[in-house]
Amino acid sequence: MGVLNVTPDSFSDGGEHAAKDDAVAHALSMLEAGASIIDVGGESTRPGAAPVTLDEELQRVIPVIEALRTQTSGFISVDTSKPEVMAQAIQAGADLVNDVNALQAPGAVDVVAQAGVPAVLMHMQGQPENMQDQPSYDDVLSEVSDFLIDRVRACQRGGIDEACLVLDPGFGFGKKLAHNVALLRGLAQIVDLGLPVLAGLSRKSMLGTLTGRQAPEARVSASVAAALLASQAGAAILRVHDVGPTMDALKVWLALSDSAFHQPH
Ligand code: 9MG
């Protein structure tokens, strides 16, 4: 899953059309590099990020999804927590919903159930504005797992088929370094819950802390390493900025696990 942020600072400031064209071109280049899903988001979920209005979010994501839909049959995901954005994005051609709020907003489960599209349920403690203030857990792995199980049950009660759901521990969302490390170390236990798991570690601050690299763009190698570890633990979807480098690492690992390479010589 390639990340396509369509916030005002993400693409060219040469006007609305240029920004849309740049966003679509970037999405197509990620598909070319091996992504099978493009995750289009118009509201930053970084720690401290302020919410955007419904109208603003719609204006950012819908034209990009419409334009992208005419140019690819690849999967398009909409990264949003607002039911109205989910509904209009699906109408515009989005294939799945990626919700960092795990469809907890009133009406979100209904939109996904009616549309019959897959959805990613992510764990977050707090909200982006305050989530890194004081994250606290007794046992992060079991608390995150319990939350995800509860959300799966709520979604099923609301009419969503379990086969449409993807689980995500939410690396960096209301978690200190030790919590993120425990989740990555124990990711296989979340995989064992039996639904596909998405891991989003790309360029995150935990990797900056571990490597001492402040600039997110300088965290590519660390992101690739983390993606590979998540994959080895059984993650089915990797949400990444650097599709090409991640694909290269996955190809090397897949070659080693391919029985054709187990022959002598
Ligand atoms: C939108 N977004 C940012 N980070 C993410 C992550 O780790 N998982 C998911 N599902 N979405 C994310």
# chains A, B, ... in the order shown; residues from 1 in each chain; ligands from 1
$ residues_near_ligand --ligand "ligand 1" --cutoff "7 Å" --atoms "only C-alpha atoms and all ligand atoms" --output "NGL selection string"
:A and (41 or 45 or 79 or 98-100 or 120-122 or 168 or 170-171 or 198-201 or 239)
$ write_last_selection --atoms "C-alpha atoms" --output "mmCIF file, in the first residue's frame"
data_model
loop_
_atom_site.group_PDB
_atom_site.id
_atom_site.type_symbol
_atom_site.label_atom_id
_atom_site.label_comp_id
_atom_site.auth_asym_id
_atom_site.auth_seq_id
_atom_site.Cartn_x
_atom_site.Cartn_y
_atom_site.Cartn_z
ATOM 1 C CA GLY A 41 -5.628 10.758 2.635
ATOM 2 C CA THR A 45 -2.930 11.974 11.377
ATOM 3 C CA ASP A 79 -7.754 7.153 4.498
ATOM 4 C CA ASN A 98 -8.626 2.825 5.855
ATOM 5 C CA ASP A 99 -9.830 4.221 9.172
ATOM 6 C CA VAL A 100 -7.350 5.062 11.940
ATOM 7 C CA VAL A 120 -8.916 -1.420 7.866
ATOM 8 C CA LEU A 121 -9.579 -1.162 11.609
ATOM 9 C CA MET A 122 -6.680 0.545 13.371
ATOM 10 C CA ASP A 168 -3.869 -2.804 12.297
ATOM 11 C CA GLY A 170 -1.517 1.394 14.814
ATOM 12 C CA PHE A 171 2.218 1.864 15.225
ATOM 13 C CA LEU A 198 -1.760 -4.118 7.947
ATOM 14 C CA ALA A 199 1.487 -2.662 9.322
ATOM 15 C CA GLY A 200 2.282 1.028 8.949
ATOM 16 C CA LEU A 201 5.786 1.768 10.157
ATOM 17 C CA ARG A 239 1.636 0.850 4.267
#
$ select_by_dssp --residues "segment 81-179 of chain A" --states "helix (DSSP H, G or I)" --output "ChimeraX atom specification"
/A:83-92,108-115,140-157,162-164,177-179
$ closest_residue --among "A:Asp139, A:Glu16, A:Asp161, A:Glu57" --to "Ala113 of chain A" --atoms "only C-alpha atoms"
A:Asp161
$ residues_around --residues "Lys20 of chain A" --least-positions-apart "2" --cutoff "12 Å" --atoms "only C-alpha atoms" --output "ChimeraX atom specification"
/A:4-8,10-18,22-27,40,59-68
$ residues_around --residues "Thr53 of chain A" --least-positions-apart "3" --cutoff "12 Å" --atoms "only C-alpha atoms" --output "ChimeraX atom specification"
/A:42-44,50,56-60,80-82,84-85
$ write_last_selection --atoms "N, CA, C and O atoms" --output "PDB file, in the first residue's frame"
ATOM      1  N   GLY A  42      -6.565  12.950   3.075  1.00  0.00           N
ATOM      2  CA  GLY A  42      -6.597  14.414   3.020  1.00  0.00           C
ATOM      3  C   GLY A  42      -6.532  15.062   4.383  1.00  0.00           C
ATOM      4  O   GLY A  42      -6.644  16.281   4.497  1.00  0.00           O
ATOM      5  N   GLU A  43      -6.371  14.245   5.444  1.00  0.00           N
ATOM      6  CA  GLU A  43      -6.269  14.821   6.795  1.00  0.00           C
ATOM      7  C   GLU A  43      -5.052  14.208   7.465  1.00  0.00           C
ATOM      8  O   GLU A  43      -4.980  12.988   7.598  1.00  0.00           O
ATOM      9  N   SER A  44      -4.126  15.037   7.885  1.00  0.00           N
ATOM     10  CA  SER A  44      -2.935  14.488   8.529  1.00  0.00           C
ATOM     11  C   SER A  44      -3.310  13.816   9.846  1.00  0.00           C
ATOM     12  O   SER A  44      -4.151  14.322  10.590  1.00  0.00           O
ATOM     13  N   ALA A  50      -3.990  18.942  13.628  1.00  0.00           N
ATOM     14  CA  ALA A  50      -5.346  19.433  13.910  1.00  0.00           C
ATOM     15  C   ALA A  50      -6.321  18.822  12.906  1.00  0.00           C
ATOM     16  O   ALA A  50      -5.932  18.563  11.764  1.00  0.00           O
ATOM     17  N   GLU A  56     -13.321  20.574   3.521  1.00  0.00           N
ATOM     18  CA  GLU A  56     -11.907  20.646   3.140  1.00  0.00           C
ATOM     19  C   GLU A  56     -11.392  19.258   2.762  1.00  0.00           C
ATOM     20  O   GLU A  56     -10.715  19.073   1.748  1.00  0.00           O
ATOM     21  N   GLU A  57     -11.738  18.277   3.583  1.00  0.00           N
ATOM     22  CA  GLU A  57     -11.254  16.917   3.307  1.00  0.00           C
ATOM     23  C   GLU A  57     -11.833  16.395   1.994  1.00  0.00           C
ATOM     24  O   GLU A  57     -11.122  15.782   1.179  1.00  0.00           O
ATOM     25  N   LEU A  58     -13.136  16.650   1.774  1.00  0.00           N
ATOM     26  CA  LEU A  58     -13.755  16.209   0.515  1.00  0.00           C
ATOM     27  C   LEU A  58     -13.074  16.862  -0.684  1.00  0.00           C
ATOM     28  O   LEU A  58     -12.781  16.198  -1.681  1.00  0.00           O
ATOM     29  N   GLN A  59     -12.812  18.171  -0.572  1.00  0.00           N
ATOM     30  CA  GLN A  59     -12.178  18.877  -1.693  1.00  0.00           C
ATOM     31  C   GLN A  59     -10.789  18.347  -1.994  1.00  0.00           C
ATOM     32  O   GLN A  59     -10.320  18.399  -3.116  1.00  0.00           O
ATOM     33  N   ARG A  60     -10.121  17.846  -0.968  1.00  0.00           N
ATOM     34  CA  ARG A  60      -8.765  17.324  -1.188  1.00  0.00           C
ATOM     35  C   ARG A  60      -8.773  15.937  -1.826  1.00  0.00           C
ATOM     36  O   ARG A  60      -7.996  15.678  -2.741  1.00  0.00           O
ATOM     37  N   THR A  80      -9.598   7.859   5.877  1.00  0.00           N
ATOM     38  CA  THR A  80     -10.479   8.848   6.520  1.00  0.00           C
ATOM     39  C   THR A  80     -11.201   8.218   7.690  1.00  0.00           C
ATOM     40  O   THR A  80     -11.357   6.999   7.747  1.00  0.00           O
ATOM     41  N   SER A  81     -11.672   9.077   8.608  1.00  0.00           N
ATOM     42  CA  SER A  81     -12.509   8.602   9.710  1.00  0.00           C
ATOM     43  C   SER A  81     -13.925   9.150   9.605  1.00  0.00           C
ATOM     44  O   SER A  81     -14.761   8.880  10.473  1.00  0.00           O
ATOM     45  N   LYS A  82     -14.168   9.944   8.553  1.00  0.00           N
ATOM     46  CA  LYS A  82     -15.485  10.590   8.427  1.00  0.00           C
ATOM     47  C   LYS A  82     -16.390   9.777   7.499  1.00  0.00           C
ATOM     48  O   LYS A  82     -16.071   9.574   6.310  1.00  0.00           O
ATOM     49  N   GLU A  84     -19.044  10.532   5.859  1.00  0.00           N
ATOM     50  CA  GLU A  84     -19.430  11.223   4.622  1.00  0.00           C
ATOM     51  C   GLU A  84     -18.301  11.158   3.585  1.00  0.00           C
ATOM     52  O   GLU A  84     -18.542  11.004   2.385  1.00  0.00           O
ATOM     53  N   VAL A  85     -17.067  11.253   4.055  1.00  0.00           N
ATOM     54  CA  VAL A  85     -15.928  11.145   3.130  1.00  0.00           C
ATOM     55  C   VAL A  85     -15.843   9.706   2.611  1.00  0.00           C
ATOM     56  O   VAL A  85     -15.616   9.467   1.421  1.00  0.00           O
TER      57      VAL A  85
END
$ closest_residue --among "A:Glu217, A:Phe173, A:Ala249, A:Thr211" --to "Gln134 of chain A" --atoms "only C-alpha atoms"
A:Phe173
$ residues_around --residues "Met1 of chain A" --least-positions-apart "3" --cutoff "12 Å" --atoms "only C-alpha atoms" --output "VMD selection string"
chain A and resid 4 27 30 to 31 33 to 40 74 to 79 96 98 120 198 to 202 227 235 to 244 246 to 247
$ closest_residue --among "A:Met124, A:Cys164, A:Leu250, A:Val181" --to "Met206 of chain A" --atoms "only C-alpha atoms"
A:Val181
$ select_by_dssp --residues "segment 21-249 of chain A" --states "strand (DSSP E)" --output "number ranges by chain"
A: 37-41, 75-79, 96-99, 119-122, 165-168, 198-199, 237-238
$ write_last_selection --atoms "N, CA, C and O atoms" --output "compact mmCIF listing (two decimals), in the first residue's frame"
# COMPACT_ATOMS: atom_id res chain seq x y z
N ILE A 37 -2.09 -1.17 -3.83
CA ILE A 37 -3.14 -0.30 -3.26
C ILE A 37 -2.53 1.10 -3.11
O ILE A 37 -1.37 1.23 -2.71
N ILE A 38 -3.34 2.13 -3.39
CA ILE A 38 -2.93 3.51 -3.12
C ILE A 38 -3.86 4.05 -2.04
O ILE A 38 -5.09 4.01 -2.19
N ASP A 39 -3.27 4.55 -0.95
CA ASP A 39 -4.05 5.05 0.18
C ASP A 39 -4.10 6.58 0.12
O ASP A 39 -3.11 7.24 0.41
N VAL A 40 -5.26 7.11 -0.25
CA VAL A 40 -5.41 8.55 -0.47
C VAL A 40 -5.97 9.20 0.81
O VAL A 40 -7.07 8.88 1.24
N GLY A 41 -5.19 10.12 1.39
CA GLY A 41 -5.63 10.76 2.64
C GLY A 41 -5.53 12.26 2.57
O GLY A 41 -4.54 12.81 2.09
N PHE A 75 -6.08 -1.01 -6.71
CA PHE A 75 -6.97 -0.71 -5.58
C PHE A 75 -6.73 0.71 -5.07
O PHE A 75 -5.58 1.11 -4.89
N ILE A 76 -7.82 1.41 -4.82
CA ILE A 76 -7.72 2.74 -4.22
C ILE A 76 -8.37 2.68 -2.84
O ILE A 76 -9.50 2.21 -2.68
N SER A 77 -7.60 3.16 -1.85
CA SER A 77 -8.09 3.17 -0.49
C SER A 77 -8.30 4.62 -0.07
O SER A 77 -7.53 5.49 -0.48
N VAL A 78 -9.33 4.88 0.73
CA VAL A 78 -9.48 6.24 1.25
C VAL A 78 -9.16 6.21 2.74
O VAL A 78 -9.70 5.41 3.49
N ASP A 79 -8.20 7.07 3.11
CA ASP A 79 -7.75 7.15 4.50
C ASP A 79 -8.57 8.26 5.16
O ASP A 79 -8.28 9.44 4.98
N LEU A 96 -11.61 0.55 -0.94
CA LEU A 96 -11.60 0.19 0.48
C LEU A 96 -11.41 1.41 1.36
O LEU A 96 -11.00 2.47 0.87
N VAL A 97 -11.74 1.23 2.64
CA VAL A 97 -11.65 2.32 3.62
C VAL A 97 -10.54 1.99 4.62
O VAL A 97 -10.50 0.88 5.15
N ASN A 98 -9.67 2.96 4.84
CA ASN A 98 -8.63 2.82 5.86
C ASN A 98 -8.94 3.81 6.96
O ASN A 98 -8.78 5.02 6.78
N ASP A 99 -9.39 3.31 8.11
CA ASP A 99 -9.83 4.22 9.17
C ASP A 99 -8.98 4.06 10.43
O ASP A 99 -9.07 3.05 11.13
N ALA A 119 -12.46 -2.90 4.92
CA ALA A 119 -12.06 -1.77 5.76
C ALA A 119 -10.92 -2.17 6.69
O ALA A 119 -10.88 -3.30 7.18
N VAL A 120 -10.02 -1.23 6.91
CA VAL A 120 -8.92 -1.42 7.87
C VAL A 120 -9.34 -0.82 9.20
O VAL A 120 -9.73 0.36 9.25
N LEU A 121 -9.26 -1.62 10.26
CA LEU A 121 -9.58 -1.16 11.61
C LEU A 121 -8.27 -0.95 12.36
O LEU A 121 -7.53 -1.92 12.59
N MET A 122 -7.96 0.28 12.71
CA MET A 122 -6.68 0.55 13.37
C MET A 122 -6.87 0.92 14.83
O MET A 122 -7.85 1.58 15.19
N LEU A 165 -12.61 -7.43 6.74
CA LEU A 165 -11.89 -6.61 7.73
C LEU A 165 -10.40 -6.92 7.79
O LEU A 165 -9.97 -8.07 7.65
N VAL A 166 -9.63 -5.86 7.98
CA VAL A 166 -8.17 -5.92 8.10
C VAL A 166 -7.83 -5.28 9.45
O VAL A 166 -8.41 -4.26 9.81
N LEU A 167 -6.90 -5.89 10.18
CA LEU A 167 -6.53 -5.37 11.51
C LEU A 167 -5.21 -4.63 11.46
O LEU A 167 -4.31 -5.02 10.70
N ASP A 168 -5.09 -3.61 12.30
CA ASP A 168 -3.87 -2.80 12.30
C ASP A 168 -3.57 -2.34 13.72
O ASP A 168 -4.40 -1.65 14.33
N LEU A 198 -2.49 -5.20 8.63
CA LEU A 198 -1.76 -4.12 7.95
C LEU A 198 -0.75 -3.54 8.94
O LEU A 198 -1.08 -3.32 10.11
N ALA A 199 0.47 -3.30 8.47
CA ALA A 199 1.49 -2.66 9.32
C ALA A 199 1.93 -1.36 8.67
O ALA A 199 2.33 -1.34 7.51
N ILE A 237 -0.38 -6.58 4.53
CA ILE A 237 -0.33 -5.29 3.82
C ILE A 237 0.68 -4.40 4.55
O ILE A 237 0.63 -4.28 5.79
N LEU A 238 1.56 -3.79 3.78
CA LEU A 238 2.54 -2.85 4.34
C LEU A 238 2.20 -1.47 3.81
O LEU A 238 2.17 -1.28 2.59
